[in-house]
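Novice: My file is my_file_4.csv. It has CSV, C-alpha atoms:
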chain,number,residue,atom,x,y,z
A,1,MET,CA,96.7,64.0,58.8
A,2,GLN,CA,96.7,65.3,62.4
A,3,PRO,CA,93.8,67.7,63.1
A,4,PRO,CA,94.7,71.3,64.1
A,5,LEU,CA,95.2,72.0,67.8
A,6,HIS,CA,92.0,73.0,69.6
A,7,ALA,CA,89.8,72.4,66.6
A,8,THR,CA,86.8,71.6,68.8
A,9,ARG,CA,84.7,74.2,70.5
A,10,PRO,CA,85.3,74.5,74.2
A,11,ARG,CA,82.6,72.9,76.4
A,12,TRP,CA,81.3,74.6,79.6
A,13,TRP,CA,81.1,71.4,81.5
A,14,THR,CA,84.8,70.9,81.1
A,15,GLU,CA,85.8,74.6,81.4
A,16,LEU,CA,84.0,75.3,84.7
A,17,PRO,CA,85.7,72.5,86.7
A,18,LEU,CA,89.1,73.4,85.2
A,19,LEU,CA,88.8,77.1,86.1
A,20,ALA,CA,87.4,76.2,89.6
A,21,LEU,CA,90.4,73.9,90.2
A,22,VAL,CA,93.0,76.5,89.2
A,23,TYR,CA,91.4,79.2,91.2
A,24,GLY,CA,91.0,76.9,94.2
A,25,VAL,CA,94.7,76.0,94.0
A,26,TYR,CA,95.6,79.6,93.7
A,27,SER,CA,93.5,80.7,96.7
A,28,LEU,CA,94.7,77.8,98.8
A,29,GLY,CA,98.3,78.6,97.9
A,30,ARG,CA,97.8,82.2,99.0
A,31,LEU,CA,96.6,81.0,102.4
A,32,ILE,CA,99.4,78.4,102.9
A,33,VAL,CA,102.3,80.7,102.0
A,34,ARG,CA,101.4,83.7,104.1
A,35,GLY,CA,105.0,84.3,105.0
A,36,ASP,CA,106.2,85.8,108.2
A,37,GLU,CA,105.3,89.4,109.1
A,38,PRO,CA,108.8,90.8,109.7
A,39,LEU,CA,110.0,89.6,106.4
A,40,ALA,CA,107.0,91.0,104.6
A,41,VAL,CA,107.4,94.3,106.3
A,42,ALA,CA,111.1,94.4,105.3
A,43,HIS,CA,110.3,93.7,101.7
A,44,GLY,CA,107.7,96.4,101.7
A,45,LEU,CA,110.1,99.0,103.1
A,46,ASP,CA,112.7,97.9,100.6
A,47,ILE,CA,110.3,98.6,97.7
A,48,LEU,CA,109.3,101.9,99.2
A,49,ARG,CA,113.0,103.0,99.5
A,50,ILE,CA,113.7,102.0,95.9
A,51,GLU,CA,110.8,104.1,94.7
A,52,GLN,CA,111.7,107.1,96.8
A,53,ALA,CA,115.3,106.9,95.5
A,54,LEU,CA,113.9,106.8,91.9
A,55,HIS,CA,111.3,109.5,92.7
A,56,ILE,CA,108.5,107.2,91.5
A,57,ASN,CA,106.6,106.8,94.8
A,58,LEU,CA,103.2,107.8,93.3
A,59,GLU,CA,101.4,106.0,96.1
A,60,HIS,CA,101.8,108.8,98.6
A,61,PRO,CA,100.1,111.6,96.7
A,62,LEU,CA,97.3,109.3,95.4
A,63,ASN,CA,96.7,107.9,98.9
A,64,ARG,CA,96.4,111.4,100.3
A,65,LEU,CA,94.0,112.4,97.6
A,66,PHE,CA,91.8,109.4,98.3
A,67,THR,CA,92.0,109.9,102.0
A,68,HIS,CA,91.0,113.6,102.0
A,69,THR,CA,88.4,113.3,99.2
A,70,PRO,CA,85.7,110.8,100.1
A,71,ALA,CA,84.0,111.3,96.7
A,72,LEU,CA,87.1,109.6,95.2
A,73,GLY,CA,88.1,107.3,98.1
A,74,ILE,CA,84.8,105.6,98.6
A,75,PRO,CA,84.2,104.6,94.9
A,76,ALA,CA,87.8,103.6,94.7
A,77,ASP,CA,87.3,101.1,97.6
A,78,PHE,CA,84.3,99.7,95.9
A,79,VAL,CA,86.2,99.3,92.7
A,80,TYR,CA,89.1,97.6,94.5
A,81,ALA,CA,86.8,95.2,96.4
A,82,SER,CA,84.6,94.1,93.5
A,83,LEU,CA,85.7,94.7,89.9
A,84,HIS,CA,88.7,92.3,90.1
A,85,TYR,CA,86.2,89.5,90.8
A,86,LEU,CA,83.5,90.6,88.4
A,87,VAL,CA,85.1,91.9,85.2
A,88,THR,CA,87.6,89.1,84.7
A,89,PRO,CA,85.0,86.3,84.8
A,90,ALA,CA,82.7,88.4,82.6
A,91,VAL,CA,85.4,88.7,80.0
A,92,LEU,CA,86.1,85.0,80.2
A,93,VAL,CA,82.4,84.2,79.6
A,94,TRP,CA,82.2,86.7,76.8
A,95,LEU,CA,85.2,85.1,75.1
A,96,PHE,CA,83.8,81.6,75.6
A,97,ARG,CA,80.5,82.6,73.9
A,98,ARG,CA,81.6,85.0,71.2
A,99,ARG,CA,85.2,84.1,70.5
A,100,PRO,CA,85.6,80.3,71.1
A,101,GLY,CA,88.5,80.1,68.7
A,102,GLN,CA,90.6,82.5,70.8
A,103,TYR,CA,89.2,81.4,74.2
A,104,ARG,CA,91.6,78.6,75.0
A,105,ALA,CA,94.7,80.7,74.3
A,106,ALA,CA,93.3,83.6,76.4
A,107,ARG,CA,92.3,81.3,79.2
A,108,GLY,CA,95.7,79.6,79.2
A,109,TRP,CA,97.5,83.0,79.3
A,110,LEU,CA,95.4,84.0,82.3
A,111,MET,CA,95.9,80.8,84.2
A,112,THR,CA,99.7,80.6,83.6
A,113,SER,CA,100.2,84.2,84.7
A,114,THR,CA,98.1,83.6,87.8
A,115,MET,CA,100.3,80.6,88.8
A,116,LEU,CA,103.4,82.7,88.3
A,117,GLY,CA,101.9,85.3,90.6
A,118,LEU,CA,101.4,82.6,93.3
A,119,ILE,CA,105.2,81.9,93.0
A,120,GLY,CA,105.8,85.6,93.6
A,121,PHE,CA,103.7,85.6,96.7
A,122,THR,CA,105.5,82.5,97.9
A,123,PHE,CA,109.1,83.7,97.6
A,124,LEU,CA,108.5,87.5,98.1
A,125,PRO,CA,105.8,88.1,100.8
A,126,THR,CA,105.3,91.8,100.8
A,127,CYS,CA,103.6,94.1,103.2
A,128,PRO,CA,101.3,96.5,101.4
A,129,PRO,CA,101.6,100.2,102.1
A,130,ARG,CA,98.4,100.3,104.2
A,131,LEU,CA,99.9,97.9,106.7
A,132,LEU,CA,103.1,99.8,107.3
A,133,ALA,CA,103.6,101.8,110.4
A,134,PRO,CA,101.8,105.2,110.4
A,135,VAL,CA,105.2,106.9,110.4
A,136,HIS,CA,105.5,106.0,106.7
A,137,GLY,CA,102.6,108.2,105.8
A,138,PHE,CA,99.9,105.8,104.4
A,139,THR,CA,96.3,105.6,105.3
A,140,ASP,CA,94.2,102.4,104.9
A,141,THR,CA,91.2,103.8,102.9
A,142,MET,CA,89.5,100.4,103.1
A,143,ALA,CA,89.4,100.7,106.9
A,144,GLN,CA,88.7,104.5,106.8
A,145,TYR,CA,85.6,104.0,104.6
A,146,GLY,CA,84.8,100.5,105.9
A,147,SER,CA,81.3,101.6,107.1
A,148,TYR,CA,80.2,102.2,103.5
A,149,GLY,CA,81.0,98.7,102.2
A,150,TRP,CA,81.1,95.0,103.1
A,151,TRP,CA,84.8,94.9,103.9
A,152,GLY,CA,86.5,95.6,107.2
A,153,ALA,CA,90.1,96.2,108.0
A,154,ASP,CA,91.3,93.2,105.9
A,155,ALA,CA,91.2,94.8,102.4
A,156,SER,CA,88.6,93.2,100.2
A,157,ALA,CA,87.7,90.4,102.5
A,158,PRO,CA,84.2,90.6,104.0
A,159,ARG,CA,84.0,91.5,107.7
A,160,GLY,CA,84.9,88.5,109.9
A,161,LEU,CA,86.7,86.7,107.1
A,162,GLY,CA,90.1,88.4,107.2
A,163,GLY,CA,91.7,85.1,108.2
A,164,MET,CA,90.7,83.7,104.8
A,165,THR,CA,93.0,86.0,102.8
A,166,ASN,CA,96.8,86.6,102.6
A,167,GLN,CA,97.4,90.2,103.6
A,168,PHE,CA,101.0,90.0,102.3
A,169,ALA,CA,100.2,88.9,98.7
A,170,ALA,CA,101.1,92.3,97.3
A,171,MET,CA,104.0,91.5,94.9
A,172,PRO,CA,103.1,91.2,92.1
A,173,SER,CA,99.7,92.9,91.8
A,174,LEU,CA,97.4,90.5,90.1
A,175,HIS,CA,94.7,93.2,90.3
A,176,VAL,CA,96.8,95.1,87.7
A,177,GLY,CA,97.7,91.9,85.9
A,178,TRP,CA,94.2,90.6,85.4
A,179,ALA,CA,93.0,94.1,84.5
A,180,LEU,CA,95.7,94.2,81.8
A,181,TRP,CA,94.5,90.8,80.5
A,182,CYS,CA,91.0,92.2,80.3
A,183,GLY,CA,92.2,95.2,78.5
A,184,VAL,CA,94.1,93.2,75.9
A,185,MET,CA,91.1,91.0,75.2
A,186,LEU,CA,88.7,94.0,74.8
A,187,TRP,CA,91.2,95.7,72.5
A,188,ARG,CA,91.7,92.7,70.3
A,189,PHE,CA,88.2,91.3,70.1
A,190,GLY,CA,85.9,94.1,71.2
A,191,GLY,CA,85.2,95.3,67.7
A,192,ASN,CA,84.1,98.8,68.5
A,193,LYS,CA,85.4,102.1,69.8
A,194,LEU,CA,83.7,101.8,73.2
A,195,ALA,CA,85.5,98.5,73.8
A,196,LYS,CA,88.8,100.0,72.9
A,197,VAL,CA,88.2,102.9,75.3
A,198,ALA,CA,87.4,100.4,78.0
A,199,ALA,CA,90.4,98.4,77.1
A,200,VAL,CA,92.7,101.3,77.9
A,201,ALA,CA,90.7,102.9,80.8
A,202,TYR,CA,90.1,99.8,82.9
A,203,PRO,CA,93.8,98.8,83.5
A,204,LEU,CA,94.7,102.4,84.2
A,205,LEU,CA,91.8,102.8,86.6
A,206,ILE,CA,92.8,99.7,88.5
A,207,THR,CA,96.4,100.8,88.7
A,208,PHE,CA,95.5,104.1,90.2
A,209,VAL,CA,93.0,102.5,92.6
A,210,VAL,CA,95.4,99.9,94.0
A,211,MET,CA,97.9,102.6,94.7
A,212,GLY,CA,95.5,105.3,96.0
A,213,THR,CA,93.9,102.8,98.4
A,214,ALA,CA,97.4,101.9,99.6
A,215,ASN,CA,97.0,98.3,98.7
A,216,HIS,CA,100.0,98.2,96.3
A,217,TYR,CA,103.2,100.0,95.4
A,218,LEU,CA,103.9,101.2,91.9
A,219,LEU,CA,106.5,98.5,91.6
A,220,ASP,CA,103.8,95.9,92.5
A,221,ALA,CA,101.8,97.1,89.5
A,222,LEU,CA,104.8,97.0,87.2
A,223,ALA,CA,105.6,93.5,88.5
A,224,GLY,CA,102.0,92.5,87.6
A,225,VAL,CA,102.5,93.7,84.0
A,226,ALA,CA,105.8,91.7,83.9
A,227,VAL,CA,104.1,88.6,85.2
A,228,MET,CA,101.5,88.8,82.4
A,229,GLY,CA,104.2,89.2,79.8
A,230,VAL,CA,106.1,86.1,81.0
A,231,GLY,CA,102.8,84.2,81.3
A,232,LEU,CA,102.0,85.1,77.7
A,233,LEU,CA,105.4,83.7,76.5
A,234,LEU,CA,105.0,80.5,78.5
A,235,SER,CA,101.3,79.8,77.9
A,236,ARG,CA,101.8,79.0,74.2
A,237,PRO,CA,104.2,76.1,74.6
A,238,LEU,CA,102.2,74.9,77.6
A,239,LEU,CA,99.0,74.8,75.5
A,240,ARG,CA,100.8,72.9,72.7
A,241,LEU,CA,102.2,70.4,75.2
A,242,THR,CA,98.8,69.8,76.8
A,243,ALA,CA,97.2,69.4,73.3
A,244,ARG,CA,99.8,66.8,72.3
A,245,LEU,CA,99.3,64.9,75.5
A,246,GLY,CA,95.6,65.0,75.1
A,247,THR,CA,95.9,63.7,71.5
A,248,ARG,CA,98.4,61.0,72.5
A,249,PHE,CA,96.2,59.6,75.3
A,250,ALA,CA,92.9,60.1,73.7
A,251,PRO,CA,91.0,57.1,72.1
A,252,ALA,CA,91.8,56.5,68.5
A,253,SER,CA,88.3,57.5,67.4
A,254,SER,CA,88.4,60.9,69.2
A,255,ALA,CA,92.0,61.6,68.1
A,256,THR,CA,90.9,61.4,64.4
A,257,GLY,CA,87.8,63.4,65.0
A,258,ALA,CA,85.5,60.7,63.3
A,259,PRO,CA,84.1,57.4,64.7
A,260,ILE,CA,85.5,54.1,63.4
A,261,VAL,CA,82.6,52.3,61.7
A,262,SER,CA,83.9,49.2,60.0
A,263,GLY,CA,87.4,49.1,61.3
A,264,GLY,CA,88.8,48.3,57.8
A,265,CYS,CA,86.2,45.6,57.0
A,266,GLU,CA,84.0,45.7,54.0
A,267,THR,CA,80.4,44.5,53.6
A,268,SER,CA,79.4,41.9,51.0
A,269,PRO,CA,78.1,43.0,47.7
A,270,GLY,CA,74.5,44.2,48.1
A,271,GLU,CA,74.6,44.0,51.9
A,272,ARG,CA,73.7,47.1,53.9
A,273,ILE,CA,74.6,48.2,57.3
A,274,PRO,CA,71.5,48.0,59.6
A,275,GLY,CA,69.6,51.3,59.4
A,276,GLN,CA,71.3,52.4,56.1
A,277,ARG,CA,69.1,53.8,53.4
A,278,ALA,CA,68.8,52.0,50.1
A,279,PRO,CA,70.6,53.9,47.4
A,280,SER,CA,68.3,56.0,45.2
A,281,THR,CA,68.2,55.1,41.6
A,282,THR,CA,70.3,57.1,39.2
A,283,PRO,CA,68.8,58.8,36.1
A,284,ALA,CA,70.4,56.1,33.9
A,285,GLU,CA,68.8,53.3,36.0
A,286,ALA,CA,65.4,55.0,35.8
A,287,ASP,CA,65.7,55.0,32.0
A,288,ASP,CA,66.4,51.3,31.4
A,289,GLY,CA,64.7,50.0,34.5
A,290,ALA,CA,67.7,47.9,35.6
A,291,ALA,CA,69.9,48.5,38.6
A,292,SER,CA,73.6,49.0,38.0
A,293,PRO,CA,75.9,46.3,39.3
A,294,ALA,CA,77.3,46.7,42.8
A,295,ARG,CA,80.7,48.2,43.0
Show this structure as C-alpha cells.
Specialist:
Amino acid sequence: MQPPLHATRPRWWTELPLLALVYGVYSLGRLIVRGDEPLAVAHGLDILRIEQALHINLEHPLNRLFTHTPALGIPADFVYASLHYLVTPAVLVWLFRRRPGQYRAARGWLMTSTMLGLIGFTFLPTCPPRLLAPVHGFTDTMAQYGSYGWWGADASAPRGLGGMTNQFAAMPSLHVGWALWCGVMLWRFGGNKLAKVAAVAYPLLITFVVMGTANHYLLDALAGVAVMGVGLLLSRPLLRLTARLGTRFAPASSATGAPIVSGGCETSPGERIPGQRAPSTTPAEADDGAASPAR
C-alpha cells in the first residue's frame, strides 16, 4: 500500500535551501526582465486610464492623504518597506513549527503564485504611479519621507542599491498577494479571535499602503489577488506531481517508509540476528520449565 503524500514531517535543512533557491530565482528574474521604460510607462498610463474610466482610481485620494499627512505617510512607508519581508517569512516559520501537516501545501501555494507573478513582470512591465510624470498627480512618498528611513528614491531598496531592484515590477502586486496568503493562513490556522482580526486587517492595510504610497494601482492589487487564486489552483496538482516523482525515484526502503532488514530471507530455527534480544519466557514456559519449540 502506497503511503499518503507528505506523510513525513518537513525538515528545516531541506526547506531552507528550497526557499532560498526559489526566492533567488524570483529576485534574479526581476532583475533580468526589467523591461524598457517607454513600454512600462505606456502600460502604467493604460491602467490609469482604465481606472479613471471606471471611476475606481483610489490611488489619487489616498496618495494625497499620505502626502499631506506625515503622521500617516511616514508609518505607511515603513510598512511598505519592511512588513512584506518580515511577516511572510514569520508566517512560514510559524506554519512549519505549529502546523507541519499543512505547511507543504501552504508553501507550495506561495511559491507557485510567486513564480506566476514573475511571469507577469516579464510580459507586462508596468511603471508604478510614483514614477509617472508629475502632471498625472502622484507624489512618491518614499522619496518625500526618505530622510526618516533607510530607503532612498528607489522604493524599498536601501540607499545606493536602487540598481538591485526592478522599478517596473508593479503588475501584479505581490505585496498584496503575499499579504492575502498570510491572511488566509492566519484565518485558517490561527485559532483565536486576534488571529482572525489580523487575518483581515493585514491584507487590507497592505492594499491601502501600496496605493497611498503610489507604488501600485488598484488594478495591480486586484491582479495580485487573481495571481494567488490561480496559484492555489495550480499548486495542488504540482504538489501531487512532485510527490509522485519523489516516490518514483526514491530508494525502495525510503519509498515504503521502513528499512529492508532481511530482504525476504529467513533465519535458521533458533538463530538470532546479531544484537537481537533473546525472547522472554512465556507464562506457560515458566510453569513447565521447558521452552516452546521454535516456529
Novice: So that I can see what lies close to segment 48-50 of chain A, please list as a list in words the residues with an atom at most 12 Å from it, counting only C-alpha atoms and leaving out residues fewer than 3 positions away in the same chain.
Specialist: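 Once the adjacent positions are removed, what remains is Val41, Ala42, His43, Gly44, Leu45, Ala53, Leu54, His55, Ile56, Asn57, Leu58, Glu59, His60, Thr126, Cys127, Pro128, Pro129, Leu132, His136, Gly137, Phe138, Ala214, His216, Tyr217, Leu218, Leu219 and Asp220 of chain A.
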Novice: Find the distance between atom CA of Leu232 of chain A and atom CA of Trp109 of chain A and write it in Å to one decimal.
Specialist: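 Calculated distance between atom CA of Leu232 of chain A and atom CA of Trp109 of chain A is 5.2 Å.
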Novice: Could you tell me how far atom CA of Phe66 of chain A lies from atom CA of Val209 of chain A, in Å and to one decimal?
Specialist: 9.0 Å
Novice: Enter the distance from atom CA of Leu118 of chain A to atom CA of Ala221 of chain A, in Å, rounded to one decimal.
Specialist: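 Separating atom CA of Leu118 of chain A from atom CA of Ala221 of chain A is a distance of 15.0 Å.
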Novice: Give me, as a PDB file with C-alpha atoms, keeping the file's coordinate frame, all polymer residues having an atom no more than 7 Å from segment 176-193 of chain A, counting only C-alpha atoms and skipping those fewer than 3 positions away in the same chain.
Specialist:
ATOM      1  CA  THR A  88      87.600  89.100  84.700  1.00  0.00           C
ATOM      2  CA  VAL A  91      85.400  88.700  80.000  1.00  0.00           C
ATOM      3  CA  SER A 173      99.700  92.900  91.800  1.00  0.00           C
ATOM      4  CA  LYS A 196      88.800 100.000  72.900  1.00  0.00           C
ATOM      5  CA  VAL A 197      88.200 102.900  75.300  1.00  0.00           C
ATOM      6  CA  ALA A 199      90.400  98.400  77.100  1.00  0.00           C
ATOM      7  CA  VAL A 200      92.700 101.300  77.900  1.00  0.00           C
ATOM      8  CA  TYR A 202      90.100  99.800  82.900  1.00  0.00           C
ATOM      9  CA  PRO A 203      93.800  98.800  83.500  1.00  0.00           C
ATOM     10  CA  ILE A 206      92.800  99.700  88.500  1.00  0.00           C
ATOM     11  CA  THR A 207      96.400 100.800  88.700  1.00  0.00           C
ATOM     12  CA  ALA A 221     101.800  97.100  89.500  1.00  0.00           C
ATOM     13  CA  GLY A 224     102.000  92.500  87.600  1.00  0.00           C
ATOM     14  CA  VAL A 225     102.500  93.700  84.000  1.00  0.00           C
ATOM     15  CA  MET A 228     101.500  88.800  82.400  1.00  0.00           C
TER      16      MET A 228
END
Novice: Please rebuild segment 222-233 of chain A with all heavy atoms and give the result as an mmCIF file, in the frame of the given file.
Specialist:
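Once everything was written out, this is result_5.cif:
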data_model
loop_
_atom_site.group_PDB
_atom_site.id
_atom_site.type_symbol
_atom_site.label_atom_id
_atom_site.label_comp_id
_atom_site.auth_asym_id
_atom_site.auth_seq_id
_atom_site.Cartn_x
_atom_site.Cartn_y
_atom_site.Cartn_z
ATOM 1 N N LEU A 222 103.895 97.295 88.315
ATOM 2 C CA LEU A 222 104.800 97.000 87.200
ATOM 3 C C LEU A 222 105.145 95.488 87.193
ATOM 4 O O LEU A 222 105.274 94.878 86.123
ATOM 5 C CB LEU A 222 106.067 97.822 87.303
ATOM 6 C CG LEU A 222 105.872 99.337 87.140
ATOM 7 C CD1 LEU A 222 107.199 100.074 87.315
ATOM 8 C CD2 LEU A 222 105.244 99.670 85.794
ATOM 9 N N ALA A 223 105.290 94.899 88.376
ATOM 10 C CA ALA A 223 105.600 93.500 88.500
ATOM 11 C C ALA A 223 104.362 92.668 87.928
ATOM 12 O O ALA A 223 104.528 91.616 87.296
ATOM 13 C CB ALA A 223 105.875 93.058 89.889
ATOM 14 N N GLY A 224 103.137 93.164 88.175
ATOM 15 C CA GLY A 224 102.000 92.500 87.600
ATOM 16 C C GLY A 224 101.963 92.505 86.106
ATOM 17 O O GLY A 224 101.603 91.508 85.468
ATOM 18 N N VAL A 225 102.391 93.616 85.508
ATOM 19 C CA VAL A 225 102.500 93.700 84.000
ATOM 20 C C VAL A 225 103.580 92.702 83.559
ATOM 21 O O VAL A 225 103.384 91.996 82.564
ATOM 22 C CB VAL A 225 102.859 95.118 83.614
ATOM 23 C CG1 VAL A 225 103.137 95.176 82.108
ATOM 24 C CG2 VAL A 225 101.721 96.075 83.978
ATOM 25 N N ALA A 226 104.717 92.643 84.264
ATOM 26 C CA ALA A 226 105.800 91.700 83.900
ATOM 27 C C ALA A 226 105.366 90.283 83.950
ATOM 28 O O ALA A 226 105.694 89.468 83.070
ATOM 29 C CB ALA A 226 107.022 91.986 84.752
ATOM 30 N N VAL A 227 104.628 89.930 84.999
ATOM 31 C CA VAL A 227 104.100 88.600 85.200
ATOM 32 C C VAL A 227 103.222 88.179 83.992
ATOM 33 O O VAL A 227 103.290 87.055 83.467
ATOM 34 C CB VAL A 227 103.430 88.394 86.507
ATOM 35 C CG1 VAL A 227 102.523 87.165 86.518
ATOM 36 C CG2 VAL A 227 104.450 88.278 87.626
ATOM 37 N N MET A 228 102.372 89.115 83.569
ATOM 38 C CA MET A 228 101.500 88.800 82.400
ATOM 39 C C MET A 228 102.304 88.629 81.157
ATOM 40 O O MET A 228 101.946 87.794 80.309
ATOM 41 C CB MET A 228 100.489 89.955 82.255
ATOM 42 C CG MET A 228 99.535 90.145 83.420
ATOM 43 S SD MET A 228 98.647 88.660 83.921
ATOM 44 C CE MET A 228 97.642 88.332 82.466
ATOM 45 N N GLY A 229 103.390 89.393 81.007
ATOM 46 C CA GLY A 229 104.200 89.200 79.800
ATOM 47 C C GLY A 229 104.904 87.858 79.807
ATOM 48 O O GLY A 229 104.915 87.167 78.783
ATOM 49 N N VAL A 230 105.456 87.441 80.945
ATOM 50 C CA VAL A 230 106.100 86.100 81.000
ATOM 51 C C VAL A 230 105.040 85.025 80.843
ATOM 52 O O VAL A 230 105.283 84.017 80.169
ATOM 53 C CB VAL A 230 106.832 85.966 82.360
ATOM 54 C CG1 VAL A 230 107.406 84.560 82.494
ATOM 55 C CG2 VAL A 230 107.943 86.998 82.476
ATOM 56 N N GLY A 231 103.871 85.227 81.447
ATOM 57 C CA GLY A 231 102.800 84.200 81.300
ATOM 58 C C GLY A 231 102.386 84.059 79.846
ATOM 59 O O GLY A 231 102.088 82.944 79.405
ATOM 60 N N LEU A 232 102.358 85.143 79.084
ATOM 61 C CA LEU A 232 102.000 85.100 77.700
ATOM 62 C C LEU A 232 103.032 84.227 76.909
ATOM 63 O O LEU A 232 102.684 83.401 76.065
ATOM 64 C CB LEU A 232 101.905 86.466 77.075
ATOM 65 C CG LEU A 232 101.590 86.547 75.580
ATOM 66 C CD1 LEU A 232 100.242 85.915 75.277
ATOM 67 C CD2 LEU A 232 101.624 87.992 75.103
ATOM 68 N N LEU A 233 104.306 84.434 77.210
ATOM 69 C CA LEU A 233 105.400 83.700 76.500
ATOM 70 C C LEU A 233 105.305 82.193 76.870
ATOM 71 O O LEU A 233 105.569 81.342 76.014
ATOM 72 C CB LEU A 233 106.731 84.247 76.899
ATOM 73 C CG LEU A 233 107.038 85.673 76.425
ATOM 74 C CD1 LEU A 233 108.394 86.125 76.942
ATOM 75 C CD2 LEU A 233 106.991 85.757 74.906
#
